[in-house]
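Source file: work-v5.txt. Holds: compact mmCIF, C-alpha atoms.
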```txt
# COMPACT_ATOMS: atom_id res chain seq x y z
CA MET A 282 -6.84 18.40 5.65
CA ASN A 283 -3.65 16.57 4.80
CA PRO A 284 -4.39 12.83 4.96
CA SER A 285 -1.03 12.14 6.52
CA ASP A 286 -2.33 14.07 9.56
CA ILE A 287 -4.65 11.16 10.17
CA SER A 288 -2.26 8.43 11.17
CA GLU A 289 -1.97 5.62 13.66
CA PRO A 290 -1.41 6.45 17.32
CA GLY A 291 2.25 6.57 18.32
CA PRO A 292 3.94 4.72 21.16
CA GLY A 293 2.05 6.90 23.65
CA TYR A 294 -0.66 4.26 23.92
CA PHE A 295 1.58 2.27 26.26
CA SER A 296 1.86 5.11 28.79
CA ASP A 297 0.11 4.62 32.08
CA SER A 298 1.13 6.78 35.02
CA THR A 299 -0.65 4.47 37.47
CA MET A 300 1.44 1.44 36.53
CA PRO A 301 2.99 -0.36 39.54
CA ASP A 302 6.81 -0.55 39.78
CA SER A 303 6.73 -4.36 39.47
CA ILE A 304 5.34 -4.05 35.92
CA GLU A 305 7.59 -1.09 35.15
CA SER A 306 10.70 -3.26 35.74
CA LEU A 307 9.59 -6.22 33.58
CA ILE A 308 12.01 -7.42 30.88
CA CYS A 309 11.05 -9.89 28.15
CA PRO A 310 13.12 -13.09 28.49
CA GLY A 311 12.77 -13.70 24.74
CA CYS A 312 14.39 -10.53 23.41
CA GLY A 313 15.36 -8.31 26.35
CA THR A 314 12.76 -5.63 25.61
CA SER A 315 11.90 -3.59 28.73
CA MET A 316 8.79 -1.61 29.51
CA SER A 317 10.69 1.62 28.86
CA ASP A 318 11.67 0.26 25.39
CA LEU A 319 7.96 -0.24 24.70
CA TYR A 320 7.23 3.34 25.78
CA LYS A 321 9.97 4.69 23.52
CA ASP A 322 9.54 2.53 20.43
CA GLY A 323 5.91 1.45 20.57
CA ARG A 324 6.77 -1.94 19.08
CA MET A 325 6.89 -5.43 20.55
CA GLY A 326 10.31 -7.11 20.31
CA CYS A 327 9.19 -10.72 19.84
CA ALA A 328 6.22 -13.04 20.28
CA GLU A 329 7.08 -13.59 23.95
CA CYS A 330 6.68 -9.85 24.68
CA TYR A 331 2.93 -10.37 24.37
CA VAL A 332 3.00 -12.78 27.32
CA THR A 333 5.52 -10.80 29.36
CA PHE A 334 3.62 -7.51 29.02
CA SER A 335 0.16 -9.05 28.68
CA SER A 336 -1.68 -6.62 30.98
CA THR A 337 -0.17 -3.62 29.16
CA VAL A 338 -0.91 -5.16 25.78
CA HIS A 339 -4.47 -5.78 26.90
CA ARG A 340 -4.96 -2.09 27.75
CA ALA A 341 -3.17 -0.84 24.63
CA LEU A 342 -5.34 -3.00 22.35
CA ILE A 343 -8.49 -1.54 23.87
CA VAL A 344 -7.16 1.99 23.26
CA LEU A 345 -6.15 1.15 19.68
CA HIS A 346 -8.92 -1.17 18.54
CA GLY A 347 -11.70 -0.89 21.12
CA ALA A 348 -11.25 -4.65 21.76
CA HIS A 349 -8.56 -7.02 23.05
CA GLN A 350 -9.88 -10.45 22.05
CA HIS A 351 -9.00 -11.86 18.63
CA VAL A 352 -12.09 -13.34 16.96
CA GLY A 353 -10.75 -14.09 13.47
CA LYS A 354 -8.82 -16.83 11.73
CA THR A 355 -6.83 -19.34 13.76
CA LEU A 356 -3.73 -21.33 12.82
CA LEU A 357 -3.84 -24.32 10.50
CA GLY A 358 -1.64 -27.38 10.19
CA GLU A 359 0.93 -29.04 12.40
CA PHE A 360 2.10 -25.73 13.84
CA GLY A 361 -1.43 -24.59 14.70
CA MET B 76 10.21 -11.91 -11.79
CA SER B 77 11.98 -9.76 -14.29
CA LEU B 78 12.38 -6.04 -14.03
CA ASP B 79 12.47 -5.06 -17.69
CA LYS B 80 15.02 -2.45 -18.61
CA LYS B 81 13.95 -0.16 -21.43
CA ASP B 82 16.42 1.50 -23.77
CA SER B 83 16.51 4.57 -21.57
CA GLY B 84 17.79 2.43 -18.71
CA GLN B 85 14.51 2.93 -16.86
CA THR B 86 12.89 -0.01 -15.13
CA LYS B 87 9.36 -0.82 -16.32
CA LEU B 88 6.78 -2.88 -14.46
CA THR B 89 3.11 -3.34 -15.30
CA PRO B 90 1.33 -5.11 -12.47
CA ALA B 91 -2.13 -6.64 -12.91
CA TRP B 92 -3.86 -3.85 -10.99
CA ILE B 93 -2.93 -1.59 -13.94
CA SER B 94 -3.08 -3.94 -16.94
CA ASP B 95 -6.23 -5.85 -15.95
CA GLN B 96 -8.56 -2.90 -15.37
CA THR B 97 -12.05 -4.05 -16.34
CA VAL B 98 -14.19 -1.05 -15.44
CA ASP B 99 -14.02 2.04 -17.66
CA GLU B 100 -14.24 4.87 -15.17
CA PRO B 101 -13.52 3.47 -11.72
CA VAL B 102 -13.19 5.70 -8.67
CA ILE B 103 -11.38 2.89 -6.85
CA LEU B 104 -8.12 2.21 -8.71
CA SER B 105 -7.00 -0.83 -6.72
CA THR B 106 -7.67 -2.96 -3.65
CA ARG B 107 -4.77 -4.21 -1.57
CA LEU B 108 -4.85 -6.62 1.37
CA ARG B 109 -1.89 -7.36 3.62
CA LEU B 110 -1.51 -10.00 6.33
CA ALA B 111 1.26 -9.51 8.91
CA ARG B 112 2.80 -12.69 10.30
CA ASN B 113 5.89 -13.52 12.37
CA LEU B 114 7.87 -16.64 13.10
CA ASP B 115 7.85 -17.91 16.66
CA ARG B 116 11.13 -17.81 18.60
CA PHE B 117 12.82 -15.19 16.40
CA PRO B 118 13.05 -11.52 17.46
CA PHE B 119 11.01 -9.23 15.20
CA PRO B 120 12.99 -7.58 12.34
CA HIS B 121 13.72 -4.23 14.07
CA LEU B 122 15.54 -6.13 16.88
CA ALA B 123 16.99 -8.95 14.78
CA ASP B 124 20.71 -9.10 13.96
CA ASP B 125 22.04 -9.89 10.52
CA LYS B 126 22.29 -13.63 11.20
CA THR B 127 18.67 -13.81 12.37
CA LEU B 128 17.36 -11.82 9.40
CA LYS B 129 19.25 -14.17 7.07
CA ALA B 130 17.84 -17.25 8.84
CA VAL B 131 14.28 -15.86 8.61
CA ALA B 132 14.70 -15.02 4.91
CA GLU B 133 16.05 -18.51 4.14
CA THR B 134 13.35 -20.26 6.19
CA VAL B 135 10.50 -18.42 4.44
CA GLU B 136 12.09 -18.67 0.97
CA ALA B 137 12.51 -22.43 1.43
CA THR B 138 8.71 -22.88 1.40
CA THR B 139 8.69 -21.94 -2.30
CA HIS B 140 10.63 -25.16 -3.05
CA ASP B 141 7.96 -27.39 -1.51
CA ARG B 142 6.44 -29.38 -4.38
CA ARG B 143 3.12 -29.77 -2.55
CA ALA B 144 2.65 -26.01 -2.18
CA ARG B 145 1.48 -24.88 -5.63
CA SER B 146 0.63 -21.34 -4.57
CA LEU B 147 4.10 -20.83 -3.07
CA ARG B 148 6.02 -22.66 -5.81
CA SER B 149 4.80 -20.17 -8.42
CA LEU B 150 6.49 -17.26 -6.64
CA THR B 151 9.82 -15.83 -7.75
CA SER B 152 12.32 -14.59 -5.23
CA VAL B 153 13.70 -11.03 -5.56
CA GLN B 154 16.59 -9.99 -3.33
CA VAL B 155 15.32 -6.46 -2.66
CA SER B 156 18.46 -5.35 -0.86
CA GLY B 157 20.48 -6.11 -4.01
CA LEU B 158 18.44 -3.91 -6.36
CA ASN B 159 19.50 -0.43 -7.48
CA ASP B 160 17.44 2.63 -6.52
CA ALA B 161 15.54 2.77 -9.84
CA GLN B 162 14.50 -0.88 -9.51
CA LYS B 163 13.46 -0.34 -5.90
CA ALA B 164 11.40 2.71 -6.94
CA ALA B 165 9.72 0.65 -9.68
CA LEU B 166 8.63 -1.96 -7.11
CA VAL B 167 7.42 0.67 -4.63
CA ASP B 168 5.58 2.79 -7.21
CA SER B 169 3.86 -0.33 -8.54
CA HIS B 170 2.78 -1.07 -4.95
CA LEU B 171 4.35 -4.53 -4.99
CA VAL B 172 6.50 -3.84 -1.93
CA SER B 173 6.53 -1.07 0.65
CA LEU B 174 8.88 1.86 1.02
CA LEU B 175 9.94 0.51 4.43
CA HIS B 176 10.87 -2.83 2.88
CA VAL B 177 13.24 -1.39 0.26
CA THR B 178 14.89 1.02 2.69
CA SER B 179 15.42 -1.33 5.64
CA GLY B 180 18.79 -2.87 4.74
CA SER B 181 20.07 -6.37 4.07
CA HIS B 182 18.18 -9.70 3.86
CA ARG B 183 15.00 -8.06 2.57
CA VAL B 184 13.41 -10.44 0.09
CA ALA B 185 10.20 -10.25 -1.95
CA LEU B 186 8.44 -13.34 -3.32
CA VAL B 187 6.33 -12.23 -6.29
CA ASP B 188 4.03 -14.01 -8.74
CA ASP B 189 4.25 -13.50 -12.52
CA ASN B 190 1.08 -11.37 -12.71
CA HIS B 191 2.35 -9.13 -9.91
CA THR B 192 -0.89 -9.79 -8.04
CA VAL B 193 0.44 -11.44 -4.90
CA SER B 194 3.69 -10.96 -3.08
CA ILE B 195 5.31 -11.83 0.22
CA MET B 196 7.66 -9.32 1.79
CA ILE B 197 10.20 -10.97 4.06
CA ASN B 198 11.69 -8.94 6.93
CA GLU B 199 9.59 -5.82 6.54
CA GLU B 200 8.18 -4.52 9.85
CA ASP B 201 7.19 -8.15 10.48
CA HIS B 202 8.99 -11.29 9.31
CA ILE B 203 6.24 -11.95 6.75
CA ARG B 204 3.87 -9.58 5.00
CA ILE B 205 1.56 -11.39 2.58
CA GLN B 206 0.03 -9.04 0.01
CA ALA B 207 -2.61 -9.26 -2.71
CA ILE B 208 -3.27 -6.24 -4.96
CA LEU B 209 -6.07 -6.29 -7.52
CA PRO B 210 -7.62 -3.78 -9.94
CA GLY B 211 -10.68 -1.78 -8.92
CA LEU B 212 -12.81 -2.71 -5.93
CA MET B 213 -12.21 -6.43 -5.27
CA PRO B 214 -11.93 -6.85 -1.50
CA GLU B 215 -13.30 -10.40 -1.32
CA SER B 216 -10.94 -11.65 -4.04
CA ALA B 217 -7.97 -9.91 -2.40
CA TRP B 218 -8.84 -11.66 0.88
CA HIS B 219 -9.17 -15.00 -0.92
CA GLU B 220 -5.72 -14.63 -2.58
CA ALA B 221 -3.93 -13.59 0.62
CA ASP B 222 -5.74 -16.18 2.74
CA ARG B 223 -4.67 -18.96 0.35
CA LEU B 224 -0.99 -17.99 0.68
CA ASP B 225 -1.38 -17.62 4.44
CA ASP B 226 -2.78 -21.16 4.72
CA ALA B 227 0.12 -22.53 2.67
CA LEU B 228 2.71 -20.72 4.81
CA SER B 229 1.14 -21.53 8.16
CA GLN B 230 1.12 -25.24 7.31
CA ARG B 231 4.90 -25.06 6.83
CA LEU B 232 6.16 -22.48 9.30
CA PRO B 233 5.87 -21.92 13.07
CA ILE B 234 3.76 -18.74 12.98
CA ALA B 235 3.56 -16.65 16.17
CA PHE B 236 -0.04 -16.86 17.38
CA HIS B 237 -1.77 -16.41 20.73
CA LYS B 238 -5.29 -17.68 21.35
CA HIS B 239 -6.33 -14.38 22.98
CA PHE B 240 -4.29 -11.78 21.05
CA GLY B 241 -4.36 -13.54 17.66
CA TYR B 242 -1.43 -13.08 15.25
CA LEU B 243 1.51 -11.50 17.09
CA THR B 244 2.88 -8.52 15.17
CA ALA B 245 5.61 -5.97 15.84
CA SER B 246 3.08 -3.14 16.00
CA LEU B 247 0.00 -3.55 18.15
CA ALA B 248 -1.85 -1.58 15.47
CA ASN B 249 -1.73 -4.79 13.36
CA ALA B 250 -2.35 -7.40 16.10
CA GLY B 251 -5.33 -9.76 16.08
CA THR B 252 -6.06 -10.57 12.46
CA GLY B 253 -2.80 -8.93 11.28
CA MET B 254 -4.89 -7.64 8.41
CA ARG B 255 -4.74 -4.29 6.65
CA ILE B 256 -7.04 -3.82 3.70
CA SER B 257 -6.81 -0.61 1.72
CA VAL B 258 -8.27 0.90 -1.41
CA MET B 259 -6.59 3.48 -3.62
CA ALA B 260 -9.22 6.02 -4.67
CA HIS B 261 -9.04 8.80 -7.27
CA LEU B 262 -11.21 11.65 -5.98
CA PRO B 263 -10.69 14.71 -8.23
CA GLY B 264 -14.37 15.72 -8.06
CA LEU B 265 -14.43 15.89 -4.26
CA VAL B 266 -11.13 17.80 -4.27
CA PHE B 267 -12.48 20.24 -6.89
CA LEU B 268 -15.59 20.96 -4.77
CA GLU B 269 -13.51 21.06 -1.56
CA LYS B 270 -15.72 18.38 -0.03
CA LEU B 271 -12.98 16.01 1.15
CA GLU B 272 -13.04 17.04 4.79
CA ALA B 273 -16.68 16.03 5.24
CA THR B 274 -16.03 12.78 3.35
CA TRP B 275 -13.06 11.86 5.59
CA GLN B 276 -15.12 12.52 8.70
CA ALA B 277 -17.71 10.00 7.52
CA ALA B 278 -15.00 7.51 6.46
CA ARG B 279 -13.33 7.78 9.88
CA ALA B 280 -16.64 7.16 11.62
CA LEU B 281 -16.84 3.91 9.65
CA GLY B 282 -13.49 2.74 11.11
CA THR B 283 -11.02 3.72 8.41
CA THR B 284 -7.80 5.73 8.20
CA VAL B 285 -6.65 7.92 5.30
CA ARG B 286 -3.00 7.97 4.29
CA GLY B 287 -0.73 9.37 1.60
CA LEU B 288 0.30 7.23 -1.33
CA TYR B 289 3.48 5.86 0.28
CA GLY B 290 1.97 5.16 3.71
CA GLU B 291 2.46 7.22 6.79
CA GLY B 292 4.16 10.55 6.17
CA GLY B 293 4.02 10.15 2.38
CA ASP B 294 2.49 12.75 0.09
CA GLN B 295 -0.62 12.09 -1.88
CA HIS B 296 -0.38 12.61 -5.63
CA GLY B 297 -2.97 13.54 -8.23
CA ASP B 298 -5.96 13.46 -5.85
CA VAL B 299 -5.25 9.78 -5.13
CA TYR B 300 -5.82 8.63 -1.55
CA GLN B 301 -5.27 5.40 0.31
CA ILE B 302 -8.01 4.39 2.74
CA SER B 303 -7.40 1.51 5.17
CA ASN B 304 -9.12 -0.25 8.06
CA SER B 305 -8.05 1.23 11.39
CA THR B 306 -8.84 -1.77 13.58
CA SER B 307 -7.64 -5.34 13.29
CA VAL B 308 -8.73 -6.77 16.66
CA GLY B 309 -12.26 -7.74 17.72
CA LEU B 310 -13.67 -8.32 14.23
CA PRO B 311 -13.29 -11.37 11.97
CA GLU B 312 -11.51 -10.86 8.65
CA LYS B 313 -14.62 -11.13 6.50
CA GLN B 314 -16.35 -8.42 8.51
CA ILE B 315 -13.34 -6.08 8.09
CA VAL B 316 -13.43 -6.82 4.35
CA GLY B 317 -17.18 -6.08 4.25
CA ARG B 318 -16.73 -2.77 6.08
CA MET B 319 -13.99 -1.65 3.71
CA LYS B 320 -16.19 -2.51 0.76
CA ALA B 321 -18.98 -0.38 2.23
CA VAL B 322 -16.61 2.57 2.78
CA ALA B 323 -15.25 2.26 -0.77
CA GLN B 324 -18.77 2.18 -2.20
CA PHE B 325 -19.60 5.26 -0.14
CA LEU B 326 -16.55 7.04 -1.59
CA GLN B 327 -17.62 5.99 -5.09
CA ILE B 328 -21.10 7.46 -4.62
CA GLU B 329 -19.71 10.69 -3.11
CA GLU B 330 -17.21 11.14 -5.95
CA GLU B 331 -19.79 10.38 -8.64
CA SER B 332 -22.24 12.84 -7.13
CA ALA B 333 -19.46 15.49 -6.97
CA ARG B 334 -18.77 14.91 -10.68
CA HIS B 335 -22.48 15.26 -11.40
CA ILE B 336 -22.62 18.62 -9.58
CA ILE B 337 -19.53 19.86 -11.45
CA ARG B 338 -21.00 18.74 -14.78
CA THR B 339 -24.18 20.68 -14.00
CA VAL B 340 -22.81 23.96 -12.65
CA ARG B 341 -19.01 24.24 -12.83
CA MET B 342 -17.97 23.16 -16.34
CA SER B 343 -16.49 26.53 -17.29
CA ASP B 344 -14.15 26.28 -14.28
CA VAL B 345 -13.14 22.76 -15.32
CA ARG B 346 -12.39 23.89 -18.89
CA TYR B 347 -10.27 26.76 -17.52
CA GLN B 348 -8.32 24.35 -15.26
CA VAL B 349 -7.81 21.89 -18.14
CA ASP B 350 -6.44 24.71 -20.34
CA GLU B 351 -4.14 25.79 -17.55
CA ALA B 352 -2.90 22.21 -16.97
CA GLU B 353 -2.26 21.71 -20.70
CA PHE B 354 -0.32 24.97 -20.88
CA ARG B 355 1.73 24.02 -17.81
CA LEU B 356 2.56 20.64 -19.33
CA LYS B 357 3.44 22.15 -22.71
CA THR B 358 5.86 24.68 -21.24
CA ALA B 359 7.32 22.82 -18.23
CA THR B 360 11.01 21.94 -18.22
CA ALA B 361 10.84 20.15 -14.87
CA LEU B 362 7.97 18.72 -12.79
CA THR B 363 7.90 17.06 -9.39
CA ALA B 364 5.89 13.82 -9.23
CA SER B 365 3.23 15.71 -7.30
CA GLU B 366 3.00 18.46 -9.94
CA ALA B 367 2.90 15.93 -12.77
CA MET B 368 0.13 13.92 -11.13
CA ALA B 369 -1.84 17.12 -10.38
CA ILE B 370 -1.75 17.95 -14.12
CA LEU B 371 -2.81 14.42 -15.05
CA SER B 372 -5.60 14.42 -12.48
CA THR B 373 -7.00 17.69 -13.88
CA LEU B 374 -6.84 16.33 -17.45
CA ARG B 375 -8.41 13.08 -16.27
CA LEU B 376 -11.26 14.94 -14.52
CA GLY B 377 -11.76 16.96 -17.71
CA LYS B 378 -12.01 13.76 -19.76
CA LEU B 379 -14.45 12.19 -17.28
CA LEU B 380 -16.66 15.27 -17.66
CA GLY B 381 -16.55 15.33 -21.45
CA VAL B 382 -13.71 17.79 -22.13
CA GLN B 383 -11.40 16.73 -24.99
CA THR B 384 -8.25 15.40 -23.25
CA SER B 385 -6.31 12.19 -23.82
CA VAL B 386 -5.83 10.90 -20.31
CA SER B 387 -7.42 7.45 -20.18
CA HIS B 388 -7.87 5.53 -16.97
CA ARG B 389 -5.12 3.08 -17.93
CA MET B 390 -2.71 5.91 -18.71
CA PHE B 391 -3.46 7.58 -15.37
CA CYS B 392 -2.66 4.36 -13.47
CA GLU B 393 0.45 3.71 -15.54
CA MET B 394 1.76 7.19 -14.85
CA LEU B 395 0.97 6.85 -11.15
CA ALA B 396 3.17 3.76 -11.09
CA SER B 397 5.96 5.09 -13.29
CA LEU B 398 6.54 8.75 -12.44
CA ARG B 399 9.00 7.62 -9.77
CA GLY B 400 7.47 9.64 -6.96
CA SER B 401 9.28 7.46 -4.44
CA VAL B 402 12.79 8.13 -5.78
CA GLY B 403 13.43 10.96 -3.32
CA LEU B 404 12.36 8.72 -0.47
CA ILE B 405 14.55 5.77 -1.50
CA ALA B 406 17.86 7.28 -2.63
CA ASN B 407 20.54 7.65 0.02
CA LYS B 408 21.38 11.13 1.28
CA LYS B 409 24.38 11.50 -1.03
CA ASP B 410 22.48 10.71 -4.24
CA ARG B 411 19.06 12.10 -3.31
CA ALA B 412 19.37 15.61 -4.77
CA ARG B 413 20.87 14.25 -8.03
CA ASP B 414 18.19 11.56 -8.44
CA ILE B 415 15.33 13.98 -7.73
CA PHE B 416 16.81 16.52 -10.18
CA PHE B 417 17.11 13.83 -12.87
CA GLU B 418 13.55 12.54 -12.42
CA ASP B 419 12.00 16.04 -12.21
CA ASN B 420 13.68 17.00 -15.49
CA ARG B 421 12.62 13.94 -17.45
CA ARG B 422 8.95 13.95 -16.35
CA PRO B 423 7.61 16.67 -18.74
CA ALA B 424 8.93 14.87 -21.84
CA LYS B 425 7.80 11.49 -20.52
CA LEU B 426 4.27 12.81 -19.98
CA ARG B 427 4.10 14.63 -23.32
CA ASN B 428 5.29 11.51 -25.17
CA ARG B 429 2.79 9.29 -23.40
CA LEU B 430 -0.06 11.74 -24.19
CA ARG B 431 1.02 11.79 -27.85
CA GLN B 432 0.88 7.98 -27.95
CA GLU B 433 -2.54 8.04 -26.32
CA ARG B 434 -3.84 10.55 -28.92
CA ALA B 435 -2.43 8.46 -31.77
CA GLY B 436 -4.06 5.34 -30.28
CA SER B 437 -7.47 6.99 -30.00
CA SER B 438 -7.32 8.42 -33.55
CA ILE B 439 -6.55 4.90 -34.90
CA LYS B 440 -9.54 3.56 -32.95
CA THR B 441 -11.78 6.38 -34.30
CA SER B 442 -10.74 5.81 -37.93
CA LYS B 443 -11.25 2.01 -37.57
CA LYS B 444 -14.70 2.71 -36.17
CA ALA B 445 -15.51 5.09 -39.06
CA SER B 446 -14.39 2.52 -41.67
CA GLY B 447 -16.46 -0.19 -39.94
CA GLU B 448 -13.49 -2.45 -39.07
```
Show this structure as structure tokens.
Amino acid sequence: MNPSDISEPGPGYFSDSTMPDSIESLICPGCGTSMSDLYKDGRMGCAECYVTFSSTVHRALIVLHGAHQHVGKTLLGEFG
Amino acid sequence: MSLDKKDSGQTKLTPAWISDQTVDEPVILSTRLRLARNLDRFPFPHLADDKTLKAVAETVEATTHDRRARSLRSLTSVQVSGLNDAQKAALVDSHLVSLLHVTSGSHRVALVDDNHTVSIMINEEDHIRIQAILPGLMPESAWHEADRLDDALSQRLPIAFHKHFGYLTASLANAGTGMRISVMAHLPGLVFLEKLEATWQAARALGTTVRGLYGEGGDQHGDVYQISNSTSVGLPEKQIVGRMKAVAQFLQIEEESARHIIRTVRMSDVRYQVDEAEFRLKTATALTASEAMAILSTLRLGKLLGVQTSVSHRMFCEMLASLRGSVGLIANKKDRARDIFFEDNRRPAKLRNRLRQERAGSSIKTSKKASGE
């Protein structure tokens, strides 16, 4: 088997045919990324996208990682 | 950091993962750990305009001037976008920066230490990619090095973080810890016995992903594979590090047992393949990086199993980092065919010369030993 065959999932992990129209029409106020941009590109546009599309992110993380809750390191210092 | 130019005009780099090898016959050539971080309130690099990329680069670079941050102050800034293709290839082949970083356009900066052990890529897929790369299997040390830089940066920069999702990255594949730990493994014995498929199945079950040498879509060269963690959410960093160590140790045992089987029952086949590889090298006028590394891997396997060849571990790693396998992936469309042609044609002589040096070195060592020096 070619190892490059075993790669990360593509943007398909955002797809959800049962998604309500209200979520479908969401646009991130931080960078203008829409739900259809997420479907196409598979990447978040900015930090605020995580809040804007939180329910979708939640589902996608479970598909990708089998978990959605971060349990590792947290921020240090005045910005933390 | 200086990129030394040899007489031939070629750029030479010897990072610590090559020069500081401490184990004689390691299966794991290097351990690399990357932490993906972004700045709050800036769009991620793929959506950022030129002005934003410049502002991000300047903001992150400025931390290296902070007198209180010793770990950051020791880094040297390299304007990656300003390098020529040969210099970019040297950085990529030495695994100091990624292929994506050198091919992404302007305001791409790398902060690198003098030993070439740690680096920070600015404006790669994320604003910040902290990297530590060490020789052999050293996952805990790689984590320690990267974590130290991460602490220094996060005390000085507004890092994008969410209490539920963790570090906010452009790709959800890196969210949570933002951590990707990978080992580069040389597995000629498993390839020889055609046992890789079963090994990958076990490695996948342990939560890892196998990639080519230059990341997704890249070819693998000389039976060298890159194995990384496939999940970054739901586990703390130290547990991810521990899992990768376990997978790497499993690969080591599998490869060593494959070599033992070959030594017991397949040595005549190995000798035949070594002869064939030596003949191919002697007569070749051009070699792709893949062909050159396949020859070296066969000669290296021969040496590991007691056949007289001159491919030491150090030489194998040096060649891996200097055969310019990434040139065809870096050069622009116009120059690509010319650059590939040039590199393919100079590889046979480069390899033959390096083998000659290696033989001369070992005969000096042998005569010193004989005279009791």
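With distances taken over all atoms listed in the file, B:Asn113 is the one residue among B:Ser372, B:Asn113, B:Gln154, B:Gln327 lying closest to chain A.
Counting only C-alpha atoms, the residue from B:His261, B:Arg112, B:Arg429, B:His176 that sits nearest to chain A is B:Arg112.
Closest approach to B:Leu175 from the set B:Thr384, B:Ser105, B:Thr363, B:Ser156 is made by B:Ser156, with distances taken over all atoms listed in the file.
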What are the nearest atom pairs, with distances in Å to one decimal, for all residues of chain B that come at most 6 Å from chain A, using all atoms listed in the file, set out by chain and rising residue number as a Markdown table?
```
| residue | atom | partner | partner_atom | distance |
| --- | --- | --- | --- | --- |
| B:Pro118 | CA | A:Cys327 | CA | 4.6 |
| B:Phe119 | CA | A:Cys327 | CA | 5.2 |
| B:Gln230 | CA | A:Gly358 | CA | 4.5 |
| B:Pro233 | CA | A:Phe360 | CA | 5.4 |
| B:His239 | CA | A:Gln350 | CA | 5.4 |
| B:Phe240 | CA | A:His351 | CA | 5.3 |
| B:Gly241 | CA | A:His351 | CA | 5.0 |
| B:Leu243 | CA | A:Ala328 | CA | 5.9 |
| B:Ala245 | CA | A:Met325 | CA | 4.9 |
| B:Ser246 | CA | A:Arg324 | CA | 5.0 |
| B:Gly251 | CA | A:His351 | CA | 4.9 |
| B:Thr252 | CA | A:Gly353 | CA | 6.0 |
| B:Val285 | CA | A:Pro284 | CA | 5.4 |
| B:Arg286 | CA | A:Pro284 | CA | 5.1 |
| B:Gly287 | CA | A:Ser285 | CA | 5.7 |
| B:Gly292 | CA | A:Ser285 | CA | 5.4 |
| B:Thr306 | CA | A:His346 | CA | 5.0 |
| B:Val308 | CA | A:His351 | CA | 5.5 |
| B:Gly309 | CA | A:Ala348 | CA | 5.2 |
| B:Leu310 | CA | A:Val352 | CA | 5.9 |
| B:Pro311 | CA | A:Gly353 | CA | 4.0 |
| B:Glu312 | CA | A:Gly353 | CA | 5.9 |
```
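One distance worth recording is that between atom CA of B:Leu150 and atom CA of B:Val172, which is 14.2 Å.
For the pair atom CA of B:Ile405 and atom CA of B:Leu262, the separation is 26.8 Å.
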* To do: Would you kindly return, as JSON, numbers by chain, each protein, DNA or RNA residue with an atom no farther than 10 Å from any atom of B:Asp168, considering only C-alpha atoms and excluding same-chain residues fewer than 5 positions away?
  => {"B": [88, 162, 163, 173, 174, 288, 289, 393, 394, 395, 396, 397, 398, 399, 400, 401, 402]}
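The gap separating atom CA of B:Gln348 from atom CA of B:Phe267 is 10.2 Å, in Å to one decimal.
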* Skip B:Phe391 itself and residues of its chain fewer than 3 positions away, then list as a PyMOL selection string all residues within 12 Å of it, counting all atoms listed in the file. => chain B and resi 93-94+96+100-102+104+261+296-299+367-376+378+385-388+394-398+426+429-430+433
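Every protein or nucleic acid residue with an atom no more than 12 Å from B:Ile328, counting all atoms listed in the file and leaving out same-chain residues fewer than 2 positions away, appears here: Pro101, Val102, Ile103, Ala260, Leu262, Gly264, Leu265, Thr274, Ala321, Val322, Ala323, Gln324, Phe325, Leu326, Glu330, Glu331, Ser332, Ala333, Arg334 and His335 of chain B.
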Selected residues written out, C-alpha atoms, as a JSON list (two decimals), in the frame of the given file:
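The resulting selection12.json:
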```json
[["chain", "number", "residue", "atom", "x", "y", "z"],
["B", 101, "PRO", "CA", -13.52, 3.47, -11.72],
["B", 102, "VAL", "CA", -13.19, 5.70, -8.67],
["B", 103, "ILE", "CA", -11.38, 2.89, -6.85],
["B", 260, "ALA", "CA", -9.22, 6.02, -4.67],
["B", 262, "LEU", "CA", -11.21, 11.65, -5.98],
["B", 264, "GLY", "CA", -14.37, 15.72, -8.06],
["B", 265, "LEU", "CA", -14.43, 15.89, -4.26],
["B", 274, "THR", "CA", -16.03, 12.78, 3.35],
["B", 321, "ALA", "CA", -18.98, -0.38, 2.23],
["B", 322, "VAL", "CA", -16.61, 2.57, 2.78],
["B", 323, "ALA", "CA", -15.25, 2.26, -0.77],
["B", 324, "GLN", "CA", -18.77, 2.18, -2.20],
["B", 325, "PHE", "CA", -19.60, 5.26, -0.14],
["B", 326, "LEU", "CA", -16.55, 7.04, -1.59],
["B", 330, "GLU", "CA", -17.21, 11.14, -5.95],
["B", 331, "GLU", "CA", -19.79, 10.38, -8.64],
["B", 332, "SER", "CA", -22.24, 12.84, -7.13],
["B", 333, "ALA", "CA", -19.46, 15.49, -6.97],
["B", 334, "ARG", "CA", -18.77, 14.91, -10.68],
["B", 335, "HIS", "CA", -22.48, 15.26, -11.40]]
```
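Ranking B:Asn198, B:Ser307, B:Ser181, B:Thr106 by their shortest atom-to-atom distance to B:Val135, with all atoms listed in the file included, puts B:Asn198 first.
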* To do: Tell me, as a ChimeraX atom specification, which residues lie within 12 Å of stretch 186-190 of chain B, counting all atoms listed in the file; anything in the same chain fewer than 2 positions away does not count.
  => /B:76-78,88-95,132-133,135-139,145-155,166,170-172,183-184,192-198,203-210,220,224
* All residues 10 Å or closer to A:Ser315, all atoms listed in the file, same chain fewer than 3 positions away omitted, as a list in words -> Ile304, Glu305, Ser306, Leu307, Ile308, Cys309, Pro310, Cys312, Asp318, Leu319, Tyr320, Lys321, Met325, Gly326, Cys330, Thr333 and Phe334 of chain A
Give me the box for stretch 342-347 of chain A as AutoDock Vina command-line options, namely the centre and edge lengths in Å to one decimal of a box along x, y and z that holds every listed atom plus 4 Å on each side.
```
--center_x -8.5 --center_y -0.5 --center_z 21.2 --size_x 14.4 --size_y 13.0 --size_z 13.3
```
